[in-house]
file coords-v3.tsv (TSV, C-alpha atoms and all ligand atoms)
chain	number	residue	atom	x	y	z
H	250	MET	CA	-14.46	-2.36	-23.81
H	251	GLU	CA	-16.95	-4.38	-21.79
H	252	LYS	CA	-18.89	-2.25	-19.33
H	253	LEU	CA	-18.31	-2.89	-15.63
H	254	ARG	CA	-21.62	-3.68	-13.92
H	255	ILE	CA	-22.27	-1.55	-10.82
H	256	GLY	CA	-24.55	-2.28	-7.86
H	257	LEU	CA	-25.61	0.63	-5.62
H	258	ILE	CA	-26.19	0.22	-1.87
H	259	GLY	CA	-27.78	3.44	-0.60
H	260	CYS	CA	-29.35	5.94	-3.02
H	261	GLY	CA	-29.22	9.10	-0.88
H	262	GLY	CA	-27.40	12.42	-1.11
H	263	ARG	CA	-23.86	11.23	-1.61
H	264	MET	CA	-24.78	8.52	-4.12
H	265	GLY	CA	-26.37	11.36	-6.11
H	266	GLY	CA	-22.88	12.89	-6.29
H	267	HIS	CA	-21.40	9.68	-7.71
H	268	MET	CA	-24.29	9.52	-10.18
H	269	SER	CA	-23.89	13.03	-11.60
H	270	SER	CA	-20.08	13.07	-11.47
H	271	PHE	CA	-19.43	9.58	-12.77
H	272	PHE	CA	-22.19	7.02	-13.54
H	273	ASP	CA	-24.04	9.47	-15.82
H	274	ARG	CA	-20.88	10.28	-17.79
H	275	ALA	CA	-18.49	7.32	-17.83
H	276	GLU	CA	-18.90	5.15	-20.91
H	277	ASP	CA	-17.34	1.98	-19.52
H	278	VAL	CA	-19.70	1.42	-16.56
H	279	GLN	CA	-23.38	0.58	-16.20
H	280	VAL	CA	-25.57	0.63	-13.09
H	281	VAL	CA	-27.38	-2.73	-13.04
H	282	ALA	CA	-28.86	-3.03	-9.53
H	283	VAL	CA	-29.91	-0.60	-6.79
H	284	ALA	CA	-30.87	-0.96	-3.12
H	285	ASP	CA	-32.33	1.46	-0.58
H	286	PRO	CA	-34.98	1.03	2.14
H	287	ILE	CA	-36.57	4.31	0.99
H	288	GLU	CA	-38.86	3.36	-1.90
H	289	GLU	CA	-38.76	6.74	-3.64
H	290	ARG	CA	-34.97	6.81	-3.62
H	291	ARG	CA	-34.46	3.29	-4.97
H	292	ASN	CA	-37.14	3.83	-7.63
H	293	ASN	CA	-35.63	7.15	-8.73
H	294	ALA	CA	-32.19	5.56	-9.04
H	295	ALA	CA	-33.66	2.60	-10.94
H	296	ALA	CA	-35.52	4.91	-13.34
H	297	ARG	CA	-32.40	7.02	-13.94
H	298	TYR	CA	-30.51	3.97	-15.23
H	299	GLY	CA	-33.41	1.87	-16.56
H	300	VAL	CA	-32.67	-0.81	-13.97
H	301	ALA	CA	-35.08	-3.64	-13.16
H	302	ARG	CA	-33.12	-5.18	-10.29
H	303	VAL	CA	-34.39	-3.04	-7.41
H	304	TYR	CA	-33.93	-4.10	-3.78
H	305	LYS	CA	-35.10	-2.93	-0.36
H	306	ASP	CA	-31.66	-3.22	1.22
H	307	HIS	CA	-28.25	-4.85	0.96
H	308	ASN	CA	-29.57	-8.20	2.27
H	309	GLU	CA	-32.12	-8.47	-0.53
H	310	LEU	CA	-29.48	-7.43	-3.06
H	311	TYR	CA	-26.95	-9.99	-1.83
H	312	ALA	CA	-29.60	-12.75	-1.84
H	313	LYS	CA	-30.00	-12.32	-5.61
H	314	GLU	CA	-26.68	-10.87	-6.82
H	315	SER	CA	-23.17	-12.27	-6.89
H	316	LYS	CA	-19.77	-11.79	-8.50
H	317	GLU	CA	-21.30	-13.31	-11.63
H	318	THR	CA	-23.93	-10.57	-11.95
H	319	ILE	CA	-22.21	-7.49	-10.43
H	320	ASP	CA	-18.60	-6.40	-10.94
H	321	VAL	CA	-18.39	-3.64	-8.31
H	322	LEU	CA	-20.42	-2.10	-5.51
H	323	PHE	CA	-20.73	1.54	-4.51
H	324	ILE	CA	-21.83	1.84	-0.86
H	325	ALA	CA	-23.09	5.19	0.53
H	326	ILE	CA	-25.16	4.60	3.66
H	327	GLU	CA	-25.30	6.25	7.06
H	328	PRO	CA	-22.33	5.53	9.37
H	329	THR	CA	-24.29	3.12	11.64
H	330	ALA	CA	-25.85	1.13	8.78
H	331	HIS	CA	-22.69	-0.83	8.00
H	332	VAL	CA	-24.09	-4.07	9.35
H	333	GLY	CA	-22.78	-6.94	7.22
H	334	VAL	CA	-22.66	-4.72	4.14
H	335	GLU	CA	-18.92	-4.77	3.42
H	336	GLU	CA	-18.40	-8.18	5.07
H	337	THR	CA	-20.71	-9.82	2.53
H	338	ALA	CA	-19.04	-7.99	-0.35
H	339	VAL	CA	-15.70	-9.41	0.83
H	340	GLU	CA	-17.17	-12.93	1.25
H	341	LYS	CA	-18.56	-12.78	-2.28
H	342	GLY	CA	-15.32	-11.30	-3.62
H	343	ILE	CA	-16.96	-8.13	-5.01
H	344	PRO	CA	-14.71	-5.03	-5.07
H	345	PHE	CA	-16.33	-1.99	-3.47
H	346	LEU	CA	-16.07	1.76	-2.98
H	347	VAL	CA	-17.48	2.76	0.39
H	348	GLU	CA	-18.10	6.23	1.73
H	349	LYS	CA	-16.36	7.57	4.80
H	350	PRO	CA	-16.79	7.08	7.74
H	351	MET	CA	-16.88	3.34	6.89
H	352	THR	CA	-17.98	2.39	10.40
H	353	LEU	CA	-18.13	3.81	13.93
H	354	ASP	CA	-16.80	0.50	15.32
H	355	VAL	CA	-13.03	0.30	15.11
H	356	GLU	CA	-12.94	-3.48	15.67
H	357	GLN	CA	-15.28	-4.02	12.74
H	358	GLY	CA	-13.00	-1.83	10.61
H	359	ARG	CA	-9.89	-3.78	11.64
H	360	LYS	CA	-11.49	-7.17	10.91
H	361	LEU	CA	-12.61	-5.92	7.53
H	362	ALA	CA	-9.20	-4.50	6.64
H	363	LYS	CA	-7.66	-7.90	7.42
H	364	ALA	CA	-10.25	-9.81	5.39
H	365	ILE	CA	-9.82	-7.42	2.45
H	366	GLU	CA	-6.05	-7.88	2.52
H	367	GLU	CA	-6.36	-11.69	2.69
H	368	LYS	CA	-8.54	-11.64	-0.43
H	369	ASN	CA	-6.40	-8.98	-2.15
H	370	LEU	CA	-9.71	-7.24	-2.94
H	371	VAL	CA	-9.75	-3.81	-4.61
H	372	THR	CA	-11.45	-1.28	-2.33
H	373	ALA	CA	-11.66	2.49	-2.19
H	374	VAL	CA	-12.94	4.92	0.42
H	375	GLY	CA	-14.58	8.20	-0.55
H	376	PHE	CA	-11.71	10.52	0.37
H	377	GLN	CA	-12.32	12.53	-2.79
H	378	ASP	CA	-9.87	15.30	-1.88
H	379	ARG	CA	-6.90	13.01	-2.46
H	380	TYR	CA	-7.77	13.43	-6.15
H	381	LEU	CA	-8.24	17.20	-5.98
H	382	ASP	CA	-5.74	19.16	-8.09
H	383	LEU	CA	-5.45	21.81	-5.34
H	384	MET	CA	-4.53	19.25	-2.68
H	385	GLU	CA	-1.95	17.73	-5.06
H	386	MET	CA	-0.41	21.23	-5.35
H	387	VAL	CA	-0.44	21.69	-1.58
H	388	LYS	CA	1.32	18.32	-1.23
H	389	ALA	CA	3.95	19.25	-3.82
H	390	GLU	CA	4.65	22.56	-2.00
H	391	VAL	CA	4.85	20.88	1.42
H	392	ASP	CA	7.04	18.03	0.15
H	393	SER	CA	9.53	20.40	-1.47
H	394	ALA	CA	9.85	22.79	1.51
H	395	PRO	CA	12.00	22.35	4.64
H	396	LYS	CA	10.02	20.09	6.99
H	397	GLY	CA	8.12	21.64	9.89
H	398	GLY	CA	5.84	24.51	10.66
H	399	LEU	CA	2.35	25.47	11.61
H	400	VAL	CA	-0.84	24.14	10.10
H	401	TYR	CA	-4.38	25.34	10.68
H	402	GLY	CA	-7.42	23.56	9.29
H	403	ALA	CA	-11.10	24.47	9.51
H	404	TRP	CA	-14.48	23.09	8.43
H	405	ILE	CA	-17.07	25.54	9.69
H	406	GLY	CA	-20.70	25.77	8.67
H	407	GLY	CA	-24.25	24.78	9.50
H	408	ILE	CA	-25.94	21.47	10.25
H	409	PRO	CA	-26.23	19.11	7.26
H	410	GLY	CA	-29.68	17.73	6.36
H	411	PRO	CA	-29.67	13.95	7.00
H	412	TRP	CA	-31.46	12.90	10.22
H	413	TRP	CA	-28.52	10.84	11.44
H	414	TRP	CA	-26.12	13.83	11.27
H	415	GLN	CA	-27.65	15.56	14.30
H	416	LYS	CA	-26.93	12.75	16.76
H	417	ARG	CA	-23.37	12.07	17.79
H	418	SER	CA	-24.15	8.37	18.25
H	419	THR	CA	-25.25	8.02	14.61
H	420	CYS	CA	-22.75	10.35	12.89
H	421	GLY	CA	-19.66	9.93	15.07
H	422	GLY	CA	-19.34	13.70	15.57
H	423	GLN	CA	-18.47	16.37	12.99
H	424	LEU	CA	-14.77	15.56	12.99
H	425	VAL	CA	-15.36	11.89	12.16
H	426	GLU	CA	-18.26	12.47	9.77
H	427	GLN	CA	-17.25	15.63	7.91
H	428	ASN	CA	-13.93	17.14	8.84
H	429	ILE	CA	-12.42	13.69	8.38
H	430	HIS	CA	-11.66	14.92	4.84
H	431	LEU	CA	-9.18	17.48	6.19
H	432	LEU	CA	-7.97	15.02	8.83
H	433	ASP	CA	-7.19	12.59	6.02
H	434	GLY	CA	-5.54	15.44	4.12
H	435	LEU	CA	-3.24	16.05	7.09
H	436	ARG	CA	-2.26	12.36	7.18
H	437	TRP	CA	-1.65	12.47	3.44
H	438	LEU	CA	0.61	15.52	3.85
H	439	TYR	CA	2.42	14.68	7.09
H	440	GLY	CA	2.21	10.92	7.72
H	441	GLU	CA	1.09	9.19	10.90
H	442	ALA	CA	0.33	11.36	13.93
H	443	ILE	CA	2.34	11.14	17.16
H	444	SER	CA	-0.32	12.46	19.55
H	445	VAL	CA	-3.70	14.12	19.59
H	446	TYR	CA	-5.51	16.35	22.06
H	447	ALA	CA	-9.04	17.65	21.52
H	448	THR	CA	-11.82	19.61	23.13
H	449	ALA	CA	-15.51	19.86	22.23
H	450	SER	CA	-18.20	22.39	23.10
H	451	ARG	CA	-21.98	22.55	23.15
H	452	GLY	CA	-24.68	25.02	24.14
H	453	LEU	CA	-24.99	27.34	21.14
H	454	VAL	CA	-27.31	25.10	19.11
H	455	LYS	CA	-30.61	24.55	20.90
H	456	PRO	CA	-32.32	21.23	20.11
H	457	GLY	CA	-35.82	21.80	18.70
H	458	GLU	CA	-35.20	25.46	17.74
H	459	ASN	CA	-34.55	27.09	14.33
H	460	GLY	CA	-35.27	23.88	12.43
H	461	VAL	CA	-32.81	21.85	14.52
H	462	SER	CA	-33.94	18.34	15.47
H	463	PRO	CA	-35.15	17.91	19.09
H	464	LEU	CA	-32.73	14.96	19.12
H	465	TYR	CA	-29.67	17.15	18.32
H	466	ASP	CA	-26.91	16.11	20.70
H	467	THR	CA	-23.70	16.49	18.75
H	468	ASP	CA	-20.95	19.02	19.49
H	469	ASP	CA	-21.37	22.59	18.23
H	470	HIS	CA	-17.63	22.86	17.70
H	471	SER	CA	-14.37	21.11	18.44
H	472	THR	CA	-10.66	21.84	18.32
H	473	VAL	CA	-8.03	19.17	17.74
H	474	VAL	CA	-4.27	19.61	18.15
H	475	ILE	CA	-2.22	16.97	16.36
H	476	ARG	CA	1.53	16.45	16.54
H	477	PHE	CA	3.29	14.99	13.51
H	478	ASP	CA	6.94	14.21	12.81
H	479	ASN	CA	9.36	17.10	12.07
H	480	ASN	CA	7.72	19.28	14.73
H	481	VAL	CA	4.65	19.87	12.61
H	482	THR	CA	1.71	20.87	14.77
H	483	ALA	CA	-1.74	21.03	13.24
H	484	THR	CA	-4.82	22.63	14.76
H	485	LEU	CA	-8.04	21.42	13.19
H	486	VAL	CA	-11.34	23.06	14.08
H	487	SER	CA	-14.86	21.91	13.21
H	488	ALA	CA	-18.09	23.80	13.80
H	489	CYS	CA	-21.72	23.36	12.76
H	490	TYR	CA	-23.39	26.17	14.73
H	491	VAL	CA	-22.92	28.91	12.11
H	492	ARG	CA	-26.06	30.28	10.45
H	493	GLY	CA	-24.68	33.39	8.75
H	494	THR	CA	-21.42	34.34	7.07
H	495	ARG	CA	-18.80	31.66	7.21
H	496	PRO	CA	-15.14	32.22	8.05
H	497	PHE	CA	-12.16	30.65	6.28
H	498	CYS	CA	-12.55	26.91	5.63
H	499	GLY	CA	-9.70	24.77	4.38
H	500	LEU	CA	-6.02	24.62	5.30
H	501	GLY	CA	-3.65	27.46	6.17
H	502	ILE	CA	-0.05	26.25	6.03
H	503	THR	CA	2.86	28.49	6.99
H	504	LEU	CA	6.12	27.40	5.39
H	505	GLN	CA	9.39	29.29	5.90
H	506	ASP	CA	9.20	31.27	2.68
H	507	ARG	CA	5.56	31.01	1.67
H	508	VAL	CA	2.02	30.76	2.92
H	509	LEU	CA	-0.49	28.30	1.47
H	510	GLU	CA	-4.18	29.08	1.81
H	511	TYR	CA	-6.23	26.17	0.53
H	512	HIS	CA	-9.86	27.27	0.37
H	513	LEU	CA	-11.93	24.11	0.72
H	514	ARG	CA	-12.52	22.55	-2.74
H	515	ASN	CA	-12.44	25.98	-4.34
H	516	ASN	CA	-9.04	27.62	-4.82
H	517	LEU	CA	-5.47	27.72	-3.55
H	518	VAL	CA	-3.63	30.95	-2.79
H	519	ILE	CA	0.17	30.72	-2.64
H	520	ARG	CA	1.80	33.84	-1.23
H	521	THR	CA	5.51	34.76	-1.18
H	522	THR	CA	7.09	38.19	-0.70
H	523	ALA	CA	7.50	38.36	-4.49
H	524	GLU	CA	4.08	37.22	-5.69
H	525	THR	CA	0.60	35.97	-4.93
H	526	ARG	CA	-0.87	33.20	-7.06
H	527	ASP	CA	-4.57	32.36	-6.88
H	528	ILE	CA	-5.31	28.99	-8.48
H	529	PRO	CA	-8.91	27.82	-9.04
H	530	ARG	CA	-10.00	24.19	-8.83
H	531	LYS	CA	-10.11	22.62	-12.27
H	532	VAL	CA	-11.17	19.00	-11.67
H	533	ASP	CA	-14.19	17.07	-10.44
H	534	GLN	CA	-12.48	15.08	-7.72
H	535	THR	CA	-15.38	12.65	-7.22
H	536	ALA	CA	-15.18	11.70	-10.89
H	537	LEU	CA	-11.43	11.13	-10.52
H	538	LEU	CA	-11.91	9.06	-7.35
H	539	ASP	CA	-14.49	6.85	-9.06
H	540	ARG	CA	-12.34	6.56	-12.19
H	541	ALA	CA	-9.30	5.51	-10.11
H	542	PHE	CA	-11.40	2.81	-8.40
H	543	ILE	CA	-12.84	1.44	-11.66
H	544	ASP	CA	-9.39	1.43	-13.32
H	545	ALA	CA	-7.91	-0.35	-10.27
H	546	VAL	CA	-10.64	-3.01	-10.53
H	547	ARG	CA	-9.91	-3.51	-14.23
H	548	ALA	CA	-6.18	-3.78	-13.45
H	549	GLY	CA	-6.83	-6.05	-10.43
H	550	ASP	CA	-4.51	-3.75	-8.43
H	551	PRO	CA	-5.67	-2.80	-4.90
H	552	LYS	CA	-2.74	-0.35	-4.61
H	553	ALA	CA	-3.85	1.72	-7.59
H	554	VAL	CA	-6.26	3.82	-5.49
H	555	ARG	CA	-5.07	6.61	-3.20
H	556	SER	CA	-7.25	5.61	-0.27
H	557	PRO	CA	-7.85	1.86	0.03
H	558	TYR	CA	-9.85	0.60	3.04
H	559	ALA	CA	-6.81	-0.16	5.25
H	560	ASP	CA	-5.31	3.30	4.75
H	561	ALA	CA	-8.64	5.07	5.27
H	562	LEU	CA	-9.04	3.13	8.51
H	563	LYS	CA	-5.91	4.85	9.85
H	564	THR	CA	-7.57	8.23	9.31
H	565	LEU	CA	-10.72	6.96	11.00
H	566	GLU	CA	-8.69	5.69	13.96
H	567	LEU	CA	-7.10	9.13	14.30
H	568	GLY	CA	-10.61	10.61	14.39
H	569	PHE	CA	-11.67	8.11	17.05
H	570	ALA	CA	-8.55	8.98	19.10
H	571	ALA	CA	-9.52	12.67	18.91
H	572	ASN	CA	-13.05	11.76	20.03
H	573	LYS	CA	-11.58	9.85	22.97
H	574	SER	CA	-9.54	12.91	23.92
H	575	MET	CA	-12.69	15.09	23.73
H	576	GLU	CA	-14.42	12.66	26.11
H	577	THR	CA	-11.57	12.14	28.59
H	578	GLY	CA	-9.69	15.43	28.44
H	579	GLN	CA	-6.47	13.42	28.02
H	580	VAL	CA	-3.75	13.68	25.41
H	581	ILE	CA	-3.80	10.45	23.39
H	582	ILE	CA	-0.31	9.22	22.57
H	583	LEU	CA	-0.45	7.26	19.35
H	584	ARG	CA	3.12	6.06	18.94
G	1	LIG	N1	-17.11	11.61	0.38
G	1	LIG	C1	-17.88	12.65	0.55
G	1	LIG	O1	-17.52	13.76	0.21
G	1	LIG	C2	-19.23	12.49	1.20
G	1	LIG	C3	-20.19	13.50	1.08
G	1	LIG	C4	-21.44	13.31	1.69
G	1	LIG	C5	-21.67	12.17	2.43
G	1	LIG	N2	-20.70	11.21	2.54
G	1	LIG	C6	-20.92	9.98	3.32
G	1	LIG	O2	-21.78	9.11	2.58
G	1	LIG	C7	-22.59	8.37	3.49
G	1	LIG	C8	-24.06	8.59	3.11
G	1	LIG	O3	-24.34	9.96	3.26
G	1	LIG	P1	-25.63	10.60	2.54
G	1	LIG	O4	-25.48	12.05	2.69
G	1	LIG	O5	-25.79	10.01	1.21
G	1	LIG	O6	-26.78	10.07	3.51
G	1	LIG	P2	-28.33	9.89	3.16
G	1	LIG	O7	-29.03	9.73	4.45
G	1	LIG	O8	-28.73	10.97	2.20
G	1	LIG	O9	-28.35	8.53	2.31
G	1	LIG	C9	-28.06	7.28	2.88
G	1	LIG	C10	-28.98	6.28	2.22
G	1	LIG	O10	-28.60	4.95	2.59
G	1	LIG	C11	-29.78	4.21	2.69
G	1	LIG	N3	-29.53	2.96	3.42
G	1	LIG	C12	-29.38	2.80	4.75
G	1	LIG	N4	-29.18	1.50	5.05
G	1	LIG	C13	-29.18	0.82	3.87
G	1	LIG	C14	-29.01	-0.56	3.53
G	1	LIG	N5	-28.79	-1.49	4.46
G	1	LIG	N6	-29.08	-0.92	2.23
G	1	LIG	C15	-29.29	0.02	1.27
G	1	LIG	N7	-29.45	1.35	1.55
G	1	LIG	C16	-29.38	1.74	2.83
G	1	LIG	C17	-30.76	5.16	3.37
G	1	LIG	O11	-32.10	4.77	3.24
G	1	LIG	C18	-30.45	6.46	2.65
G	1	LIG	O12	-31.25	6.65	1.51
G	1	LIG	C19	-22.24	8.87	4.89
G	1	LIG	O13	-21.30	8.00	5.47
G	1	LIG	C20	-21.60	10.22	4.65
G	1	LIG	O14	-20.66	10.57	5.62
G	1	LIG	C21	-19.50	11.34	1.92
call {"tool": "encode", "arguments": {"input": "coords-v3.tsv", "output": "C-alpha cells", "more": "lines below"}}
Ligand SMILES: NC(=O)c1ccc[n+]([C@@H]2O[C@H](COP(=O)([O-])OP(=O)(O)OC[C@H]3O[C@@H](n4cnc5c(N)ncnc54)[C@H](O)[C@@H]3O)[C@@H](O)[C@H]2O)c1
result
Amino acid sequence: MEKLRIGLIGCGGRMGGHMSSFFDRAEDVQVVAVADPIEERRNNAAARYGVARVYKDHNELYAKESKETIDVLFIAIEPTAHVGVEETAVEKGIPFLVEKPMTLDVEQGRKLAKAIEEKNLVTAVGFQDRYLDLMEMVKAEVDSAPKGGLVYGAWIGGIPGPWWWQKRSTCGGQLVEQNIHLLDGLRWLYGEAISVYATASRGLVKPGENGVSPLYDTDDHSTVVIRFDNNVTATLVSACYVRGTRPFCGLGITLQDRVLEYHLRNNLVIRTTAETRDIPRKVDQTALLDRAFIDAVRAGDPKAVRSPYADALKTLELGFAANKSMETGQVIILR
C-alpha cells in the first residue's frame, strides 16, 4: 500500500501525542513536511522523521507544498493561531485533522464548515474520546436505558503548561479549551442541547504567584447546566485551581437501574444492586482517531470519521453559548 504523505502544522505538545500514538507506529503513513515557528520544535520533529522539508509556519509550508506533494495535514496550534491555516488547506483541497478548539471565532468556523462541505473534503477534529472504548460502553448503556435522568461531568485539575492557556482571550476558557471533550461527549450521548446556563468564578488563583503567569486571567472554575431532550439535565464543572489531590473527573450518569461512573480516560464502573463491574481502558484513542481519519481519506468518505469539522463546530458553538451565559448571567435558549 502506498504511504500517505503527512504535513505537520504545529509541533508542540499535542502533536507529540499524534507522533507517539500514530505516526511512529502506523506503517501506511509517512511524515514528509513539518512547520513550527519555534526552531527547536520543528527541527526535533524533522529529525524524528528524517524530513528535509522544514518550514517556519503554515504560510511557508503552503508556498512550497500542494496536493501533489502532501496527502493530508495534521494541525495542532494554539486556538488563536488559526489564521488562514484551514482555509488554505480547503483551497488546495488537502484533507486535514485539526485539534479542538478549531477557532475562537464562530463566524470563521461556520464559513469553513460551508467551504469544507462544498468541496466534500475529509476532515476530522481531535475529539479523541469518541474513539475511547469506555465512552462507547457508556453510549451503549445510555442508548439501551429508558431516556432521561441526571448527568454530572467534571474536569478538575491544575493549570496546563502552554503560555496561551492562562489567558481567557487566547484559550477560550477551560470549558472551550479542555472540558470541551466532555461537552462533546454529552452531545454524542444526548444530541443537541435545548438551553444552557453557566457561571464562572475567579479569585483563588493569584496571577504571578506559585508559578502562575502574571497574565493569568482565566476563570478558576465554572459550572454549566445543560438541558437536553427527554428531560436530561447535565451539570458540567471545570476547574484549574487545584494543586493537591483531585476529586472525581469524568461523567457520573444515574440511570433508573444502574449508575455509570466514567473515570476520565481511565476506567468505567457500572453499578447495579446485583453487581459492580470495573472496566479498564484498553485502547489508545488518539491512535484510533488518527486511523479513522487516514482510512476516511483513503476511502474518500468525509462521513467515515466520528467528528468531522461541521459536527465538531456544533460542540464548539455550545461552548461559546455557555461562555456567553457566564458573561451575561442569562440562560441561553438554543432551540
Ligand atoms: N485532542 C486533545 O486531546 C488535545 C490535547 C492537548 C491539546 N489539544 C489542542 O491542540 C492544540 C495545540 O495544543 P498544544 O498543547 O500542542 O500547544 P503547544 O503550545 O504545545 O503547541 C502549539 C504549537 O503550534 C505552533 N504554531 C503556532 N502557530 C503556528 C503556525 N502558524 N504554523 C505552524 N505552527 C504554529 C507553536 O509554535 C507551538 O509549537 C490546542 O488547540 C489544544 O487545545 C488537544
call {"tool": "atom_distance", "arguments": {"input": "coords-v3.tsv", "atom1": "atom CA of Ile324 of chain H", "atom2": "atom CA of Arg547 of chain H"}}
result
18.7 Å
call {"tool": "closest_residue", "arguments": {"input": "coords-v3.tsv", "among": "H:Thr318, H:Thr467, H:Gln377, H:Thr337", "to": "ligand LIG 1 (chain G)", "atoms": "all atoms listed in the file"}}
result
H:Gln377
call {"tool": "closest_atom_pairs", "arguments": {"input": "coords-v3.tsv", "of": "chain H", "to": "ligand LIG 1 (chain G)", "cutoff": "9 Å", "atoms": "only C-alpha atoms and all ligand atoms", "output": "JSON lines"}}
result
{"residue": "H:Leu257", "atom": "CA", "partner": "G:LIG1", "partner_atom": "C15", "distance": 7.8}
{"residue": "H:Ile258", "atom": "CA", "partner": "G:LIG1", "partner_atom": "C15", "distance": 4.4}
{"residue": "H:Gly259", "atom": "CA", "partner": "G:LIG1", "partner_atom": "N7", "distance": 3.4}
{"residue": "H:Cys260", "atom": "CA", "partner": "G:LIG1", "partner_atom": "O12", "distance": 5.0}
{"residue": "H:Gly261", "atom": "CA", "partner": "G:LIG1", "partner_atom": "O9", "distance": 3.4}
{"residue": "H:Gly262", "atom": "CA", "partner": "G:LIG1", "partner_atom": "O5", "distance": 3.7}
{"residue": "H:Arg263", "atom": "CA", "partner": "G:LIG1", "partner_atom": "O5", "distance": 3.6}
{"residue": "H:Met264", "atom": "CA", "partner": "G:LIG1", "partner_atom": "O5", "distance": 5.6}
{"residue": "H:Gly265", "atom": "CA", "partner": "G:LIG1", "partner_atom": "O5", "distance": 7.5}
{"residue": "H:Gly266", "atom": "CA", "partner": "G:LIG1", "partner_atom": "C3", "distance": 7.9}
{"residue": "H:Val283", "atom": "CA", "partner": "G:LIG1", "partner_atom": "C15", "distance": 8.1}
{"residue": "H:Ala284", "atom": "CA", "partner": "G:LIG1", "partner_atom": "C15", "distance": 4.8}
{"residue": "H:Asp285", "atom": "CA", "partner": "G:LIG1", "partner_atom": "N7", "distance": 3.6}
{"residue": "H:Pro286", "atom": "CA", "partner": "G:LIG1", "partner_atom": "O11", "distance": 4.8}
{"residue": "H:Ile287", "atom": "CA", "partner": "G:LIG1", "partner_atom": "O11", "distance": 5.0}
{"residue": "H:Glu288", "atom": "CA", "partner": "G:LIG1", "partner_atom": "O11", "distance": 8.6}
{"residue": "H:Arg290", "atom": "CA", "partner": "G:LIG1", "partner_atom": "O12", "distance": 6.3}
{"residue": "H:Arg291", "atom": "CA", "partner": "G:LIG1", "partner_atom": "O12", "distance": 8.0}
{"residue": "H:Tyr304", "atom": "CA", "partner": "G:LIG1", "partner_atom": "C15", "distance": 8.0}
{"residue": "H:Lys305", "atom": "CA", "partner": "G:LIG1", "partner_atom": "C15", "distance": 6.7}
{"residue": "H:Asp306", "atom": "CA", "partner": "G:LIG1", "partner_atom": "N6", "distance": 3.6}
{"residue": "H:His307", "atom": "CA", "partner": "G:LIG1", "partner_atom": "N6", "distance": 4.2}
{"residue": "H:Asn308", "atom": "CA", "partner": "G:LIG1", "partner_atom": "N5", "distance": 7.1}
{"residue": "H:Glu309", "atom": "CA", "partner": "G:LIG1", "partner_atom": "N6", "distance": 8.6}
{"residue": "H:Leu310", "atom": "CA", "partner": "G:LIG1", "partner_atom": "N6", "distance": 8.4}
{"residue": "H:Ile324", "atom": "CA", "partner": "G:LIG1", "partner_atom": "C7", "distance": 7.9}
{"residue": "H:Ala325", "atom": "CA", "partner": "G:LIG1", "partner_atom": "C7", "distance": 4.4}
{"residue": "H:Ile326", "atom": "CA", "partner": "G:LIG1", "partner_atom": "O10", "distance": 3.6}
{"residue": "H:Glu327", "atom": "CA", "partner": "G:LIG1", "partner_atom": "C19", "distance": 4.6}
{"residue": "H:Pro328", "atom": "CA", "partner": "G:LIG1", "partner_atom": "O13", "distance": 4.7}
{"residue": "H:Thr329", "atom": "CA", "partner": "G:LIG1", "partner_atom": "N4", "distance": 8.4}
{"residue": "H:Ala330", "atom": "CA", "partner": "G:LIG1", "partner_atom": "N4", "distance": 5.0}
{"residue": "H:His331", "atom": "CA", "partner": "G:LIG1", "partner_atom": "N5", "distance": 7.1}
{"residue": "H:Val332", "atom": "CA", "partner": "G:LIG1", "partner_atom": "N5", "distance": 7.3}
{"residue": "H:Gly333", "atom": "CA", "partner": "G:LIG1", "partner_atom": "N5", "distance": 8.6}
{"residue": "H:Val334", "atom": "CA", "partner": "G:LIG1", "partner_atom": "N5", "distance": 6.9}
{"residue": "H:Val347", "atom": "CA", "partner": "G:LIG1", "partner_atom": "O2", "distance": 8.0}
{"residue": "H:Glu348", "atom": "CA", "partner": "G:LIG1", "partner_atom": "O2", "distance": 4.7}
{"residue": "H:Lys349", "atom": "CA", "partner": "G:LIG1", "partner_atom": "O13", "distance": 5.0}
{"residue": "H:Pro350", "atom": "CA", "partner": "G:LIG1", "partner_atom": "O13", "distance": 5.1}
{"residue": "H:Met351", "atom": "CA", "partner": "G:LIG1", "partner_atom": "O13", "distance": 6.6}
{"residue": "H:Thr352", "atom": "CA", "partner": "G:LIG1", "partner_atom": "O13", "distance": 8.2}
{"residue": "H:Val374", "atom": "CA", "partner": "G:LIG1", "partner_atom": "N1", "distance": 7.9}
{"residue": "H:Gly375", "atom": "CA", "partner": "G:LIG1", "partner_atom": "N1", "distance": 4.3}
{"residue": "H:Phe376", "atom": "CA", "partner": "G:LIG1", "partner_atom": "N1", "distance": 5.5}
{"residue": "H:Gln377", "atom": "CA", "partner": "G:LIG1", "partner_atom": "N1", "distance": 5.8}
{"residue": "H:Asp378", "atom": "CA", "partner": "G:LIG1", "partner_atom": "O1", "distance": 8.1}
{"residue": "H:Pro409", "atom": "CA", "partner": "G:LIG1", "partner_atom": "O4", "distance": 8.4}
{"residue": "H:Gly410", "atom": "CA", "partner": "G:LIG1", "partner_atom": "O4", "distance": 8.0}
{"residue": "H:Pro411", "atom": "CA", "partner": "G:LIG1", "partner_atom": "O7", "distance": 5.0}
{"residue": "H:Trp412", "atom": "CA", "partner": "G:LIG1", "partner_atom": "O7", "distance": 7.0}
{"residue": "H:Trp413", "atom": "CA", "partner": "G:LIG1", "partner_atom": "O7", "distance": 7.1}
{"residue": "H:Trp414", "atom": "CA", "partner": "G:LIG1", "partner_atom": "O7", "distance": 8.5}
{"residue": "H:Cys420", "atom": "CA", "partner": "G:LIG1", "partner_atom": "O14", "distance": 7.6}
{"residue": "H:Val425", "atom": "CA", "partner": "G:LIG1", "partner_atom": "O14", "distance": 8.5}
{"residue": "H:Glu426", "atom": "CA", "partner": "G:LIG1", "partner_atom": "O14", "distance": 5.2}
{"residue": "H:Gln427", "atom": "CA", "partner": "G:LIG1", "partner_atom": "O14", "distance": 6.5}
{"residue": "H:His430", "atom": "CA", "partner": "G:LIG1", "partner_atom": "O1", "distance": 7.6}
{"residue": "H:Thr535", "atom": "CA", "partner": "G:LIG1", "partner_atom": "O1", "distance": 7.8}
call {"tool": "closest_residue", "arguments": {"input": "coords-v3.tsv", "among": "H:Lys313, H:Lys552, H:Arg584, H:Lys563", "to": "Glu366 of chain H", "atoms": "only C-alpha atoms"}}
result
H:Lys552
call {"tool": "atom_distance", "arguments": {"input": "coords-v3.tsv", "atom1": "atom CA of Tyr298 of chain H", "atom2": "atom CA of Val281 of chain H"}}
result
7.7 Å
